[in-house]
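I have placed the structure first, in the form of structure tokens, so that the comments after it can refer back to it.
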Amino acid sequence: MKPRIPCSFATVLFLMIVGSGIALAQTSDFRSIRATPRITGVVDETALIARPGNVHPMARAEFDNGLAPADTRMDRMILLLKPDASQEASLEALLAAQQDPQSPEYRRWLTPEEFGERFGVSESDINQLVAWLTSHGFQVEPTPASRKQIVFNGTAGQVRSAFHTEVRAYNTGTERHYANAPDPSIPAAFAAVVAGVVSLNDFQSRPMHRGTAAVGSQLEFTSGMSHYLSPSDFATIYDAAGLYTQSIDGTGQSVAVAGRSNLSLSDVQSFRSTFGLPSNNPAVIVNGTNPG
């Protein structure tokens, strides 16, 4: 039997100090990490690197109907950006800490701007990529605060010139679609920052589930002057009673309903200017429309 080694108060205190130091160091890492420029080489249009996995699975030879006209519109294309290894590791650690009640980062959520500064691509790299896209004739939309992607619009001819891939027409049954083949290529100088090019096609995903409906029945919550669903029922169903007791009624909060759409930000800006609304006024955008 091994003798027991007594653990003195000084030993416990030392371990507590060391543990606290590690926690503070991790917190410091979370808060101090910043995006750094990674596009440092010369952008040579002849030194290219392919980005595999960026061809839609329906862009198959049996559906191919030839090269798309050069003026075919290609809207809402996305240059997908990626973090460096240290950003990725720090983000994973932060996500774990935000779920740990013992961590000083517990439920300390970041704003989109804070996220972009820490885990997105640097402004310098963003500016270079935007300048490159613009030089090929693309119209570039404002960069999201997260700095994880760049959205741009153009034509099939511009895609062919910039990404060295063809945009082809595909007939799938009664539908006609456009998609790139083969995989796009980018200047090698961008390899550390650009993960791929998304939406070089107009195929849309479809839900894999099939809806069900009860036969011969229909839910009714109102009959004549009787109402079977009251505000208190709503509070119970959606577990909102706790919010009501804290006088939280949604004032000052914004709600966004996400959905696949081909929304043009210029349409939103035009709508607001036409009706005298401030451009930064929050609104709910549903399925690509702005209900005002």
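Residues in the structure tokens are numbered from 1 in each chain, the chains being A, B, ... in the order shown, and ligands are numbered from 1 in the order shown.
Using only C-alpha atoms, the contacts of Val197 (chain A) at a cut-off of 12 Å, with sequence neighbours closer than 5 positions omitted, comprise Ala50, Arg51, Pro52, Gly53, Asn54, Val55, His56, Arg76, Met77, Ile78, Leu79, Leu80, Leu81, Lys82, Gln149, Ile150, Val151, Phe152, Val159, Ala162, Phe163, His164, Thr165, Asn180, Asp183, Pro184, Ser185 and Ile186 of chain A.
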With a distance cut-off of 9 Å and only C-alpha atoms, select the neighbouring residues of region 118-122 of chain A, excluding the residue or stretch itself and same-chain residues fewer than 6 positions from it, and output the selection as a ChimeraX atom specification.
/A:30-38,81-84,87-88,90-91,145-149,193
In Å and to one decimal, CA of Val167 (chain A) is distant from CA of Ala70 (chain A) by 8.5 Å
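Residue nearest Asp71 (chain A) within the list A:Thr155, A:Arg168, A:Val268, A:Phe190: A:Thr155 [criterion: smallest interatomic distance, only C-alpha atoms].
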_Which of region 45-214 of chain A end up as alpha helix (DSSP H) when DSSP is run on this backbone - answer as a PyMOL selection string?_
chain A and resi 85-98+112-119+123-135+156-163
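The closest residue to Phe203 (chain A), picked from A:Ala89, A:Ala241, A:Ala235, A:Ala169 and counting only C-alpha atoms, is A:Ala169.
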